[in-house]
Amino acid sequence: MITMTAYRIEIDQEACVGDQLCCEIAPGTFRIGADGKTGVVNPEGDPPQDILSAAKSCRLDAITLYDTQTEKKVWPRL
Ligand code: SF4
């Protein structure tokens with residue numbers, strides 16, 4: 001069976017304030033760096049629904065998710 005990555009993840013490093021909310025919800029995917037900004041350590045590190053919840057938790061909308069199949073933006077919604 002081939003496992004597909006659900007999301008292509010982009011993080012706006014300028015917008016991220018490093019409060020680590022996303023890291024708490026999806027710790028296998030997001031991790032705070034030495035610079036105090038969150039980065040992606042593994043785009044398949046958590047179930048897709050947890051990655052989506054983590055993105056939704058970001059009050060600054062610093063996390064953008066794209067469907068890897070369609071390249072359509074999943075989050076944030078316009
Ligand atoms: S929730 Fe947003 S602001 Fe907070 S650490 Fe994650 S990306 Fe940065």
# chains A, B, ... in the order shown; residues from 1 in each chain; ligands from 1
>>> residues_near_ligand(ligand="ligand 1", cutoff="8 Å", atoms="only C-alpha atoms and all ligand atoms", output="PyMOL selection string")
chain A and resi 11-13+15-23+30+32+37-39+54-55+57-63
>>> select_by_dssp(residues="chain A", states="helix (DSSP H, G or I)", output="list in words")
Leu21, Cys22, Cys23, Glu24, Ile25, Pro48, Gln49, Asp50, Ile51, Leu52, Ser53, Ala54, Ala55, Lys56 and Ser57 of chain A
>>> atom_distance(atom1="CA of Arg77 (chain A)", atom2="CA of Gly33 (chain A)")
26.7 Å
>>> select_by_dssp(residues="chain A", states="strand (DSSP E)", output="JSON, numbers by chain")
{"A": [7, 8, 9, 10, 11, 30, 31, 32, 38, 39, 40, 63, 64, 65, 66, 67, 73, 74, 75]}
>>> residues_around(residues="Ala6 (chain A)", least_positions_apart="6", cutoff="8 Å", atoms="only C-alpha atoms", output="list in words")
Glu44, Pro48, Asp67, Thr68 and Gln69 of chain A
